[in-house]
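**Q** Contents of final-v9.cif (mmCIF, C-alpha atoms):
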data_coords
#
loop_
_atom_site.label_atom_id
_atom_site.label_comp_id
_atom_site.auth_asym_id
_atom_site.auth_seq_id
_atom_site.Cartn_x
_atom_site.Cartn_y
_atom_site.Cartn_z
CA MET T 20 0.00 0.00 0.00
CA THR T 21 2.82 2.42 0.65
CA ARG T 22 5.42 3.24 -1.93
CA PRO T 23 8.75 4.93 -1.30
CA ASP T 24 7.78 7.99 -3.31
CA GLU T 25 4.89 8.63 -0.97
CA VAL T 26 7.07 9.19 2.04
CA VAL T 27 6.71 12.83 2.94
CA HIS T 28 8.97 15.01 4.99
CA ARG T 29 8.08 14.72 8.64
CA ARG T 30 8.02 18.20 10.00
CA THR T 31 6.49 19.80 13.01
CA LEU T 32 3.15 21.42 12.35
CA ARG T 33 2.45 24.49 14.40
CA TRP T 34 -0.87 26.10 15.22
CA GLN T 35 -1.23 29.47 13.59
CA ASP T 36 -3.86 32.20 13.62
CA ALA T 37 -5.36 32.46 10.16
CA THR T 38 -7.40 35.49 9.17
CA VAL T 39 -10.73 34.95 7.47
CA LEU T 40 -10.62 37.03 4.29
CA ALA T 41 -13.92 36.04 2.71
CA VAL T 42 -16.78 33.58 2.99
CA HIS T 43 -19.20 32.44 0.34
CA ASP T 44 -21.83 29.75 0.02
CA GLU T 45 -21.41 26.81 -2.33
CA THR T 46 -24.82 25.32 -1.53
CA PRO T 47 -27.39 26.04 1.20
CA THR T 48 -25.35 23.80 3.55
CA ALA T 49 -21.78 24.29 2.33
CA ARG T 50 -19.70 27.41 2.86
CA THR T 51 -16.19 28.24 1.74
CA PHE T 52 -13.79 30.22 3.92
CA ARG T 53 -10.78 31.95 2.36
CA LEU T 54 -7.99 32.20 4.92
CA ARG T 55 -4.71 34.05 5.00
CA LEU T 56 -1.96 32.18 6.84
CA PRO T 57 0.79 34.05 8.66
CA GLU T 58 3.15 31.12 8.02
CA PRO T 59 2.06 29.58 4.73
CA HIS T 60 3.22 26.09 3.80
CA PRO T 61 2.50 24.97 0.25
CA HIS T 62 -0.07 22.17 0.35
CA LEU T 63 -0.57 19.25 -1.98
CA PRO T 64 -4.05 18.99 -3.46
CA GLY T 65 -5.92 16.52 -1.23
CA GLN T 66 -4.37 17.62 2.04
CA TYR T 67 -6.37 19.12 4.89
CA TYR T 68 -6.15 21.54 7.80
CA VAL T 69 -7.31 21.17 11.36
CA VAL T 70 -9.40 24.03 12.75
CA ARG T 71 -9.44 24.58 16.53
CA LEU T 72 -12.08 26.66 18.28
CA THR T 73 -11.38 27.74 21.85
CA ALA T 74 -13.89 29.06 24.39
CA PRO T 75 -12.95 31.65 27.03
CA ASP T 76 -12.81 28.90 29.69
CA GLY T 77 -10.28 26.90 27.66
CA TYR T 78 -12.73 24.36 26.26
CA SER T 79 -11.78 23.59 22.68
CA ALA T 80 -13.10 21.63 19.72
CA THR T 81 -11.14 20.64 16.64
CA ARG T 82 -12.19 19.31 13.25
CA SER T 83 -10.41 18.58 9.99
CA TYR T 84 -11.37 20.23 6.69
CA SER T 85 -9.96 19.58 3.24
CA VAL T 86 -8.36 22.37 1.28
CA ALA T 87 -10.52 23.18 -1.74
CA SER T 88 -8.12 25.58 -3.42
CA ALA T 89 -5.08 24.80 -5.51
CA PRO T 90 -1.74 25.80 -4.00
CA GLU T 91 -1.42 29.58 -4.44
CA SER T 92 1.64 31.78 -4.25
CA SER T 93 -0.35 34.16 -2.03
CA GLY T 94 -0.25 31.63 0.82
CA GLU T 95 -4.04 31.79 1.03
CA ILE T 96 -6.21 28.70 1.27
CA GLU T 97 -9.89 27.91 0.96
CA LEU T 98 -11.65 25.41 3.18
CA THR T 99 -15.17 24.27 2.33
CA VAL T 100 -17.23 23.24 5.35
CA GLU T 101 -20.46 21.27 5.25
CA LYS T 102 -22.91 22.38 7.92
CA LEU T 103 -23.90 19.31 9.88
CA VAL T 104 -26.99 19.07 12.06
CA ASP T 105 -25.90 19.78 15.63
CA GLY T 106 -22.32 20.05 14.40
CA GLU T 107 -20.50 21.87 17.14
CA VAL T 108 -17.76 23.22 14.89
CA SER T 109 -19.46 23.39 11.50
CA GLU T 110 -22.49 25.25 12.87
CA PHE T 111 -20.22 27.79 14.53
CA LEU T 112 -18.22 28.30 11.35
CA HIS T 113 -21.42 28.81 9.35
CA ASP T 114 -23.40 30.90 11.83
CA VAL T 115 -20.78 33.05 13.53
CA VAL T 116 -17.52 33.34 11.62
CA ALA T 117 -17.19 36.41 9.41
CA PRO T 118 -14.43 38.10 7.44
CA GLY T 119 -11.85 39.63 9.78
CA ASP T 120 -12.14 36.84 12.36
CA GLU T 121 -9.13 34.79 13.29
CA LEU T 122 -9.22 31.02 13.30
CA GLU T 123 -6.57 28.76 14.76
CA VAL T 124 -5.47 26.25 12.15
CA ARG T 125 -2.81 23.64 11.66
CA GLY T 126 -1.65 22.00 8.47
CA PRO T 127 -1.35 21.01 5.75
CA ILE T 128 -1.78 17.41 6.87
CA GLY T 129 -2.02 14.12 4.99
CA GLY T 130 0.45 12.61 2.56
CA PHE T 131 -1.51 9.63 1.39
CA PHE T 132 -4.61 11.20 -0.09
CA ALA T 133 -2.58 13.80 -1.92
CA TRP T 134 -1.96 14.29 -5.61
CA ARG T 135 1.49 15.42 -6.61
CA GLY T 136 0.37 16.66 -9.99
CA ASP T 137 2.73 14.48 -11.97
CA ARG T 138 0.56 11.48 -12.84
CA PRO T 139 -2.86 11.04 -14.42
CA ALA T 140 -5.58 10.80 -11.80
CA LEU T 141 -9.21 9.73 -11.72
CA LEU T 142 -11.15 11.54 -9.00
CA VAL T 143 -14.46 10.20 -7.69
CA GLY T 144 -16.35 12.25 -5.12
CA GLY T 145 -19.70 11.96 -3.41
CA GLY T 146 -21.35 15.16 -2.11
CA SER T 147 -18.94 17.04 0.14
CA GLY T 148 -16.27 14.50 -0.86
CA VAL T 149 -15.62 16.65 -3.91
CA VAL T 150 -13.72 19.21 -1.81
CA PRO T 151 -10.20 17.71 -1.85
CA LEU T 152 -10.77 16.55 -5.43
CA MET T 153 -11.61 20.11 -6.44
CA ALA T 154 -8.18 21.15 -5.20
CA MET T 155 -6.73 18.55 -7.58
CA LEU T 156 -8.84 19.70 -10.55
CA ARG T 157 -8.01 23.32 -9.85
CA ALA T 158 -4.30 22.51 -9.58
CA ALA T 159 -4.35 20.65 -12.89
CA ARG T 160 -6.12 23.55 -14.58
CA ALA T 161 -3.80 26.12 -13.00
CA ALA T 162 -0.80 24.13 -14.23
CA GLY T 163 -2.19 24.22 -17.76
CA ASP T 164 -2.62 20.47 -17.75
CA PRO T 165 -6.34 19.95 -17.09
CA ASP T 166 -6.42 16.70 -19.03
CA LEU T 167 -4.27 15.04 -16.36
CA VAL T 168 -7.36 14.54 -14.23
CA ARG T 169 -10.83 13.13 -14.76
CA LEU T 170 -13.48 13.97 -12.15
CA LEU T 171 -16.78 12.27 -11.42
CA VAL T 172 -19.00 13.92 -8.82
CA SER T 173 -22.06 12.16 -7.43
CA VAL T 174 -24.76 14.38 -5.89
CA ARG T 175 -28.35 13.79 -4.86
CA SER T 176 -29.74 16.72 -6.80
CA PRO T 177 -28.40 19.66 -8.82
CA ALA T 178 -28.74 21.92 -5.75
CA ASP T 179 -26.22 19.79 -3.89
CA LEU T 180 -23.39 20.35 -6.36
CA TYR T 181 -20.46 22.29 -4.93
CA TYR T 182 -18.47 24.68 -7.18
CA ARG T 183 -21.26 24.54 -9.77
CA ASP T 184 -19.92 27.25 -12.04
CA GLU T 185 -16.39 25.94 -12.01
CA VAL T 186 -16.65 22.18 -11.86
CA SER T 187 -18.09 21.57 -15.30
CA GLY T 188 -15.78 20.97 -18.21
CA PRO T 189 -14.58 18.29 -20.57
CA GLN T 190 -12.81 16.48 -17.73
CA THR T 191 -15.87 16.29 -15.50
CA VAL T 192 -18.99 14.16 -15.16
CA VAL T 193 -21.78 14.93 -12.69
CA VAL T 194 -23.99 12.01 -11.67
CA HIS T 195 -27.35 12.67 -9.95
CA THR T 196 -28.70 9.97 -7.67
CA ARG T 197 -32.14 11.35 -6.67
CA SER T 198 -33.13 14.03 -9.12
CA ALA T 199 -31.45 15.06 -12.34
CA PRO T 200 -31.75 18.31 -14.25
CA ALA T 201 -34.38 18.38 -17.00
CA GLY T 202 -32.89 17.07 -20.20
CA ASP T 203 -30.11 15.06 -18.57
CA PRO T 204 -30.13 11.87 -20.66
CA ARG T 205 -28.70 9.81 -17.81
CA GLY T 206 -31.50 10.71 -15.42
CA ALA T 207 -31.27 10.01 -11.71
CA GLY T 208 -29.85 6.82 -10.30
CA ARG T 209 -27.07 5.33 -8.27
CA LEU T 210 -23.50 5.36 -9.48
CA THR T 211 -22.74 2.46 -11.83
CA ALA T 212 -19.63 0.99 -13.39
CA ALA T 213 -20.95 2.30 -16.71
CA ASP T 214 -20.73 5.86 -15.34
CA LEU T 215 -17.09 5.32 -14.45
CA ALA T 216 -15.85 3.19 -17.34
CA PRO T 217 -15.54 6.05 -19.89
CA LEU T 218 -13.29 7.92 -17.46
CA VAL T 219 -10.88 5.04 -16.85
CA ARG T 220 -7.79 5.37 -19.01
CA GLY T 221 -5.57 2.75 -17.36
CA GLY T 222 -2.45 3.43 -15.35
CA GLU T 223 -3.89 6.35 -13.41
CA ASP T 224 -4.06 6.87 -9.66
CA VAL T 225 -7.60 6.90 -8.32
CA PHE T 226 -8.84 9.08 -5.47
CA VAL T 227 -12.23 8.36 -3.90
CA CYS T 228 -13.76 10.66 -1.31
CA GLY T 229 -17.14 10.87 0.39
CA SER T 230 -19.18 9.16 3.07
CA PRO T 231 -18.05 5.66 4.06
CA ALA T 232 -21.04 4.17 2.22
CA PHE T 233 -20.28 6.16 -0.91
CA CYS T 234 -16.61 5.21 -0.78
CA ASP T 235 -17.33 1.52 -0.45
CA ALA T 236 -19.86 1.58 -3.30
CA ALA T 237 -17.63 3.68 -5.53
CA THR T 238 -14.67 1.38 -4.87
CA GLU T 239 -16.73 -1.66 -5.91
CA ARG T 240 -17.96 0.07 -9.07
CA LEU T 241 -14.38 1.09 -9.93
CA ILE T 242 -13.19 -2.48 -9.57
CA GLU T 243 -16.08 -3.60 -11.81
CA ALA T 244 -14.91 -0.98 -14.31
CA GLY T 245 -11.49 -2.62 -14.39
CA VAL T 246 -9.52 -0.46 -11.95
CA PRO T 247 -6.98 -2.45 -9.89
CA THR T 248 -7.71 -2.28 -6.15
CA GLU T 249 -4.17 -1.21 -5.26
CA VAL T 250 -4.32 2.10 -7.15
CA ILE T 251 -7.47 3.23 -5.30
CA ARG T 252 -6.94 5.67 -2.43
CA VAL T 253 -9.90 6.40 -0.23
CA GLU T 254 -10.71 9.28 2.08
CA ARG T 255 -13.82 8.58 4.14
CA PHE T 256 -15.55 11.63 5.53
CA GLY T 257 -16.94 10.46 8.83
CA PRO T 258 -19.65 12.15 10.83
CA SER T 259 -17.02 14.50 12.25
CA SER T 260 -19.21 17.44 13.07
CA MET N 7 -4.16 29.13 22.81
CA ALA N 8 -6.14 31.99 21.37
CA VAL N 9 -9.82 32.32 22.26
CA THR N 10 -12.10 32.16 19.24
CA ARG N 11 -14.48 35.12 19.01
CA GLY N 12 -17.99 34.08 19.95
CA PHE N 13 -17.25 30.42 20.63
CA VAL N 14 -18.54 28.85 23.80
CA GLY N 15 -19.00 25.25 22.65
CA LYS N 16 -21.98 22.99 23.00
CA ARG N 17 -20.78 19.96 24.85
CA ARG N 18 -20.36 21.48 28.30
CA ASP N 19 -20.88 18.38 30.36
CA ARG N 20 -17.75 16.57 29.40
CA ASP N 21 -17.37 13.00 30.53
CA SER N 22 -14.08 12.82 32.41
CA ARG N 23 -13.25 9.70 30.43
CA LEU N 24 -12.92 11.81 27.26
CA PRO N 25 -9.34 12.92 26.52
CA PRO N 26 -8.84 16.56 25.45
CA GLY N 27 -10.30 17.44 22.07
CA GLN N 28 -12.39 14.23 21.85
CA TYR N 29 -16.17 13.88 21.65
CA ASP N 30 -18.39 10.95 22.56
CA ALA N 31 -19.54 9.24 19.35
CA ARG N 32 -22.24 7.39 21.36
CA ASP N 33 -24.02 4.96 19.03
CA GLU N 34 -21.88 5.82 16.03
CA TRP N 35 -18.74 3.89 15.27
CA PRO N 36 -17.15 5.90 12.46
CA VAL N 37 -15.08 4.04 9.91
CA LEU N 38 -11.79 5.40 8.68
CA HIS N 39 -9.10 3.72 6.67
CA ALA N 40 -7.13 4.67 3.63
CA GLU N 41 -7.31 1.51 1.60
CA ALA N 42 -10.15 -0.37 -0.05
CA THR N 43 -11.88 -2.62 2.51
CA PRO N 44 -10.41 -6.11 1.98
CA ARG N 45 -12.20 -9.45 2.09
CA LEU N 46 -10.26 -11.94 4.19
CA ASP N 47 -11.08 -15.61 4.50
CA THR N 48 -10.55 -17.02 7.99
CA ALA N 49 -9.67 -20.39 6.40
CA ARG N 50 -6.49 -18.76 5.10
CA TRP N 51 -5.98 -16.18 7.84
CA THR N 52 -2.73 -16.25 9.80
CA PHE N 53 -1.06 -14.16 12.48
CA THR N 54 2.74 -14.13 12.79
CA VAL N 55 5.14 -12.80 15.42
CA GLU N 56 8.55 -12.33 13.82
CA GLY N 57 11.73 -10.28 13.91
CA LEU N 58 13.73 -10.17 17.13
CA VAL N 59 12.17 -13.26 18.72
CA GLU N 60 13.51 -16.65 19.73
CA HIS N 61 10.93 -18.52 17.65
CA GLU N 62 9.06 -16.93 14.80
CA THR N 63 5.52 -18.15 15.44
CA THR N 64 2.45 -18.29 13.23
CA TRP N 65 -1.09 -19.06 14.30
CA THR N 66 -4.00 -20.06 12.11
CA TRP N 67 -7.54 -18.86 12.87
CA ALA N 68 -8.24 -22.09 14.78
CA GLU N 69 -4.93 -22.02 16.62
CA ILE N 70 -5.26 -18.46 17.86
CA HIS N 71 -8.77 -19.26 19.09
CA ALA N 72 -7.34 -22.14 21.12
CA LEU N 73 -5.23 -19.71 23.18
CA PRO N 74 -6.48 -18.36 26.51
CA ARG N 75 -9.14 -15.69 25.89
CA ASP N 76 -8.83 -12.19 27.19
CA ARG N 77 -11.27 -9.28 27.21
CA TYR N 78 -10.80 -5.51 27.09
CA ALA N 79 -13.62 -3.47 28.56
CA GLY N 80 -13.24 0.28 28.29
CA ASP N 81 -12.88 3.22 25.96
CA ILE N 82 -11.31 3.83 22.53
CA HIS N 83 -10.15 7.11 21.01
CA CYS N 84 -9.69 7.99 17.34
CA VAL N 85 -7.37 10.82 16.30
CA THR N 86 -10.20 12.22 14.16
CA THR N 87 -11.69 13.27 17.55
CA TRP N 88 -14.35 10.65 18.25
CA SER N 89 -14.20 8.38 21.26
CA LYS N 90 -16.38 5.45 22.19
CA LEU N 91 -16.92 4.66 25.83
CA ASP N 92 -17.63 1.33 27.49
CA MET N 93 -16.69 -0.94 24.62
CA THR N 94 -15.87 -4.62 25.00
CA PHE N 95 -13.49 -6.54 22.78
CA ASP N 96 -12.65 -10.24 23.01
CA GLY N 97 -9.58 -11.99 21.73
CA VAL N 98 -6.16 -12.85 23.01
CA SER N 99 -3.65 -10.74 24.91
CA VAL N 100 -0.53 -9.77 22.97
CA ASP N 101 1.37 -10.93 26.07
CA THR N 102 0.21 -14.47 25.33
CA LEU N 103 1.43 -14.25 21.74
CA LEU N 104 4.79 -12.75 22.68
CA GLU N 105 5.29 -15.35 25.38
CA ALA N 106 5.15 -18.07 22.74
CA ALA N 107 7.57 -16.30 20.41
CA GLY N 108 10.02 -15.13 23.09
CA PRO N 109 11.13 -11.55 22.45
CA LEU N 110 14.91 -11.10 22.40
CA PRO N 111 16.34 -8.64 24.94
CA SER N 112 17.33 -6.33 22.08
CA ALA N 113 13.71 -5.83 20.97
CA THR N 114 12.46 -2.33 21.80
CA HIS N 115 9.72 -1.60 19.23
CA VAL N 116 7.14 -3.41 17.14
CA VAL N 117 5.63 -2.78 13.75
CA ALA N 118 2.10 -4.10 13.43
CA VAL N 119 1.45 -5.33 9.90
CA SER N 120 -1.88 -5.85 8.18
CA HIS N 121 -3.07 -8.14 5.42
CA THR N 122 -3.60 -4.97 3.35
CA GLY N 123 0.02 -3.83 3.76
CA TYR N 124 -0.90 -1.23 6.39
CA THR N 125 1.72 -0.77 9.09
CA THR N 126 1.91 1.10 12.39
CA ASN N 127 4.78 1.37 14.86
CA LEU N 128 4.68 1.08 18.64
CA PRO N 129 7.16 0.87 21.50
CA LEU N 130 7.24 -2.74 22.74
CA ALA N 131 6.26 -1.45 26.17
CA ASP N 132 2.94 -0.25 24.72
CA VAL N 133 1.88 -3.75 23.66
CA THR N 134 3.04 -5.67 26.76
CA GLY N 135 1.82 -5.82 30.34
CA GLY N 136 -1.89 -6.22 29.55
CA LYS N 137 -2.15 -3.18 27.28
CA ALA N 138 -2.75 -4.78 23.86
CA TRP N 139 -4.82 -7.52 22.28
CA VAL N 140 -5.59 -9.24 19.01
CA VAL N 141 -9.40 -9.19 18.97
CA TRP N 142 -12.09 -10.75 16.83
CA ASP N 143 -15.26 -9.83 18.75
CA ALA N 144 -16.53 -6.32 19.50
CA GLN N 145 -19.52 -5.79 21.78
CA GLY N 146 -20.01 -9.57 21.79
CA GLN N 147 -20.34 -9.82 18.01
CA PRO N 148 -17.77 -10.86 15.40
CA LEU N 149 -15.76 -7.88 14.28
CA THR N 150 -17.11 -6.70 10.93
CA THR N 151 -14.78 -6.21 7.96
CA GLU N 152 -15.15 -2.42 8.02
CA HIS N 153 -13.95 -2.39 11.61
CA GLY N 154 -10.97 -4.59 10.82
CA GLY N 155 -12.44 -8.09 10.95
CA PRO N 156 -11.80 -10.91 11.06
CA ALA N 157 -9.23 -9.67 13.60
CA ARG N 158 -7.55 -6.41 14.48
CA LEU N 159 -4.93 -5.24 16.90
CA LEU N 160 -6.33 -3.38 19.92
CA VAL N 161 -4.13 -0.88 21.78
CA PRO N 162 -6.83 1.20 23.44
CA HIS N 163 -4.60 3.52 25.49
CA LEU N 164 -3.27 5.01 22.21
CA TYR N 165 -5.11 6.65 19.30
CA PHE N 166 -6.97 4.03 17.34
CA TRP N 167 -4.85 4.11 14.17
CA LYS N 168 -2.35 2.12 16.28
CA SER N 169 -5.00 -0.62 16.54
CA ALA N 170 -4.25 -1.97 13.07
CA LYS N 171 -7.26 -3.35 11.23
CA TRP N 172 -6.94 -6.74 9.45
CA VAL N 173 -3.78 -7.36 11.44
CA SER N 174 -1.50 -10.10 10.14
CA GLY N 175 1.35 -9.91 12.61
CA LEU N 176 3.88 -8.12 14.75
CA ARG N 177 7.51 -7.58 13.79
CA LEU N 178 9.87 -6.90 16.69
CA LEU N 179 12.69 -4.43 16.06
CA ASP N 180 15.57 -2.85 17.97
CA HIS N 181 14.59 0.61 16.69
CA ASP N 182 11.50 2.66 15.89
CA GLU N 183 10.31 2.42 12.29
CA PRO N 184 7.47 4.77 11.30
CA GLY N 185 4.39 3.05 9.91
CA PHE N 186 1.85 4.22 7.37
CA TRP N 187 0.20 7.18 9.11
CA GLU N 188 3.36 7.99 11.03
CA ARG N 189 5.19 8.56 7.71
CA ASN N 190 2.27 10.74 6.70
CA GLY N 191 2.56 13.22 9.52
CA TYR N 192 1.02 11.44 12.48
CA HIS N 193 2.71 11.00 15.83
CA ASP N 194 4.97 8.02 16.55
CA ARG N 195 3.32 7.24 19.90
CA GLY N 196 -0.18 8.75 19.84
CA ASP N 197 -1.18 9.14 23.50
CA PRO N 198 -4.69 10.68 23.47
CA TRP N 199 -4.31 12.12 26.96
CA ARG N 200 -1.32 14.13 25.76
CA GLU N 201 -2.97 14.89 22.40
CA GLN N 202 -0.08 13.39 20.47
CA ARG N 203 -1.87 13.61 17.15
CA TYR N 204 0.77 14.82 14.72
CA GLN N 205 4.53 14.74 14.35
CA GLY N 206 5.98 17.37 16.65
CA ASP N 207 3.28 17.15 19.34
CA GLU N 208 5.02 16.64 22.67
#
Please lay out the structure from this file as structure tokens.
**A**
Amino acid sequence: MTRPDEVVHRRTLRWQDATVLAVHDETPTARTFRLRLPEPHPHLPGQYYVVRLTAPDGYSATRSYSVASAPESSGEIELTVEKLVDGEVSEFLHDVVAPGDELEVRGPIGGFFAWRGDRPALLVGGGSGVVPLMAMLRAARAAGDPDLVRLLVSVRSPADLYYRDEVSGPQTVVVHTRSAPAGDPRGAGRLTAADLAPLVRGGEDVFVCGSPAFCDAATERLIEAGVPTEVIRVERFGPSS
Amino acid sequence: MAVTRGFVGKRRDRDSRLPPGQYDARDEWPVLHAEATPRLDTARWTFTVEGLVEHETTWTWAEIHALPRDRYAGDIHCVTTWSKLDMTFDGVSVDTLLEAAGPLPSATHVVAVSHTGYTTNLPLADVTGGKAWVVWDAQGQPLTTEHGGPARLLVPHLYFWKSAKWVSGLRLLDHDEPGFWERNGYHDRGDPWREQRYQGDE
């Protein structure tokens, strides 16, 4: 499962106070926060940051959020946060945090579910699982090599699609499981191997991200579509509110 | 640490069994692993203790079940911030397995290896003295594949990535050798009470 080229430099990650520069909504339940880091570290698409909230009495809560943006020379990052019901951290980020606030963050973290930008990649995301994959698509486009990646996003309905204006393109397929837009010849239905097969080129790395149930189903469909198990990397978004 | 403007937090009545930064997952048991979930047949399953031991020893599924049973009853803590309280796991103590293999005096660390190729490193002292198990039942039921069945390592006093799913053996070493998550930025020891989540945490 591990390969020598995946070994990343083991360095100390410090907490730093990021400044919220801007917020905008992706969907009614997903919001993106643009942060400026005092000590920027270039991230790899797919990596994440930990956000720590601290109350006046010292009580703290931490959660991990994937970076949605491509690495930028500005040292700024974007995190997209899904608002979970009764989510202690995600509700606070959605309901309270505004531009000008400071947030304690730590990262970038994760060397396994990271794309180094040098090999073809097939990206398969369910719902909010598109976030780290969007960083990969954006990085490929920014590098002038958009064809290096193929992206399939599975969403329940058109309203659930993150990055709607940006995600579409010749490298991207959007699959709707509950309701499809009028005129979509595929219609609504669960992800099938036939959805994935046209995107499989052979020899690529495969990144799957979403809920555990989505990841397991997508992995099985990928294997049916001829993808070898050992090239599939999975990031399961748990109920980490 | 800096106070976050406007944050008071929701979970005020913290159970004292929760380490810092953890929440009680209650009925949820989140699943997290980086590889595709494998299918392992107990008819071909083995567990091996190797490396710096007097006798490299391998058990089949039937043989490991013939060893004296041991139970862990208590809490588990995942680095992704969930904890589960009052769990029970049944299996065999790692002490029993090491006793059969006979660790050499030079052994100081172990690498737990999985049938998927996953590895994680631990000081030998963290898997001896009644602190670690190879388990196949959780809450009285066979461990499901998504939770590492047919058998996983259980080292509940450390973050749960140390409790390797689909464990296939322990390799004893005379040095520390970072495993899968440890090479990817996670802490070499992973004590939840000291919040040793990432490399560089003290």
**Q** Closest to T:Val219 among T:Glu243, T:Glu101, T:Glu123, T:Glu107, using all atoms listed in the file?
**A**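 Result for the nearest residue to T:Val219: T:Glu243.
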**Q** Could you give me, as a PDB file with C-alpha atoms, in the frame of the given file, the residues within 10 Å of T:Pro177, counting all atoms listed in the file and dropping anything in the same chain fewer than 4 positions from it?
**A**
ATOM      1  CA  THR T  46     -24.820  25.320  -1.530  1.00  0.00           C
ATOM      2  CA  SER T 173     -22.060  12.160  -7.430  1.00  0.00           C
ATOM      3  CA  TYR T 181     -20.460  22.290  -4.930  1.00  0.00           C
ATOM      4  CA  ARG T 183     -21.260  24.540  -9.770  1.00  0.00           C
ATOM      5  CA  VAL T 193     -21.780  14.930 -12.690  1.00  0.00           C
ATOM      6  CA  VAL T 194     -23.990  12.010 -11.670  1.00  0.00           C
ATOM      7  CA  HIS T 195     -27.350  12.670  -9.950  1.00  0.00           C
ATOM      8  CA  THR T 196     -28.700   9.970  -7.670  1.00  0.00           C
ATOM      9  CA  ARG T 197     -32.140  11.350  -6.670  1.00  0.00           C
ATOM     10  CA  SER T 198     -33.130  14.030  -9.120  1.00  0.00           C
ATOM     11  CA  ALA T 199     -31.450  15.060 -12.340  1.00  0.00           C
ATOM     12  CA  PRO T 200     -31.750  18.310 -14.250  1.00  0.00           C
TER      13      PRO T 200
END
**Q** Within 10 Å of chain T, which residues of chain N show up when using only C-alpha atoms, listed as a PyMOL selection string?
**A** chain N and resi 7-18+20+26-29+31+34-44+86-88+122-125+152+185-193+204-207
**Q** Quick one, how far is atom CA of N:Leu178 from atom CA of N:Leu110?
**A**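 Computed distance, atom CA of N:Leu178 to atom CA of N:Leu110, equals 8.7 Å.
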**Q** List the neighbours of N:Gly97 out to 12 Å using all atoms listed in the file; skip same-chain residues closer than 4 positions along the sequence, and give me the result as JSON, numbers by chain.
**A** {"N": [67, 70, 71, 72, 73, 74, 75, 76, 77, 78, 79, 101, 102, 103, 138, 139, 140, 141, 142, 143, 144, 145, 146, 147, 148, 149, 155, 156, 157, 158, 159, 160]}
**Q** Name the closest residue to N:Ala107 among the candidates N:Asp92, N:Glu62, N:Asp33, N:Asp180; distances are taken between atoms, counting all atoms listed in the file.
**A**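 Under the stated criterion, the closest residue is N:Glu62.
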**Q** Quick check, in Å to one decimal: how far apart do atom CA of N:Thr66 and atom CA of N:Thr52 lie?
**A**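 Calculated distance between atom CA of N:Thr66 and atom CA of N:Thr52 is 4.6 Å.
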**Q** Hey, which of T:Asp166, T:Glu97, T:Asp203, T:Glu110 ends up closest to T:Val150? Count only C-alpha atoms.
**A**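 Counting only C-alpha atoms, the residue closest to T:Val150 is T:Glu97.
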**Q** Which residues, named as in the file, does the PyMOL selection byres ((chain N and resi 23) around 8) pick out? Answer as a PyMOL selection string.
**A** chain N and resi 21-22+24-25+81+91
**Q** What does the PyMOL selection byres ((chain N and resi 112) around 8) select in this file, as an NGL selection string?
**A** :N and (58 or 110-111 or 113-114 or 179-180)
**Q** In Å, rounded to a single decimal, give me how far atom CA of T:Val100 is from atom CA of T:Asp179.
**A**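 So the two atoms, atom CA of T:Asp179 and atom CA of T:Val100, lie 13.3 Å apart.
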**Q** Assuming the chain letters and numbering stay as they are in my file, what does the PyMOL selection byres ((chain N and resi 137) around 10) actually select? List them as a count of residues only.
**A** 17
**Q** Which polymer residues have any atom within 7 Å of an atom of T:Trp134, counting only C-alpha atoms, with same-chain residues fewer than 3 positions away left out, as a ChimeraX atom specification?
**A** /T:63-65,155
**Q** Would you mind completing stretch 169-177 of chain N to N, CA and C atoms and writing the output as an mmCIF file, keeping the file's coordinate frame?
**A**
data_model
loop_
_atom_site.group_PDB
_atom_site.id
_atom_site.type_symbol
_atom_site.label_atom_id
_atom_site.label_comp_id
_atom_site.auth_asym_id
_atom_site.auth_seq_id
_atom_site.Cartn_x
_atom_site.Cartn_y
_atom_site.Cartn_z
ATOM 1 N N SER N 169 -4.296 0.667 16.445
ATOM 2 C CA SER N 169 -5.000 -0.620 16.540
ATOM 3 C C SER N 169 -5.266 -1.146 15.137
ATOM 4 N N ALA N 170 -4.222 -1.637 14.498
ATOM 5 C CA ALA N 170 -4.250 -1.970 13.070
ATOM 6 C C ALA N 170 -5.399 -2.912 12.726
ATOM 7 N N LYS N 171 -6.215 -2.479 11.760
ATOM 8 C CA LYS N 171 -7.260 -3.350 11.230
ATOM 9 C C LYS N 171 -6.632 -4.490 10.416
ATOM 10 N N TRP N 172 -7.347 -5.596 10.304
ATOM 11 C CA TRP N 172 -6.940 -6.740 9.450
ATOM 12 C C TRP N 172 -5.505 -7.163 9.757
ATOM 13 N N VAL N 173 -5.178 -7.162 11.054
ATOM 14 C CA VAL N 173 -3.780 -7.360 11.440
ATOM 15 C C VAL N 173 -3.298 -8.754 11.032
ATOM 16 N N SER N 174 -2.080 -8.813 10.551
ATOM 17 C CA SER N 174 -1.500 -10.100 10.140
ATOM 18 C C SER N 174 -0.281 -10.466 10.968
ATOM 19 N N GLY N 175 0.224 -9.532 11.778
ATOM 20 C CA GLY N 175 1.350 -9.910 12.610
ATOM 21 C C GLY N 175 2.046 -8.749 13.264
ATOM 22 N N LEU N 176 3.021 -9.099 14.086
ATOM 23 C CA LEU N 176 3.880 -8.120 14.750
ATOM 24 C C LEU N 176 5.328 -8.459 14.410
ATOM 25 N N ARG N 177 6.077 -7.400 14.057
ATOM 26 C CA ARG N 177 7.510 -7.580 13.790
ATOM 27 C C ARG N 177 8.272 -6.816 14.856
#
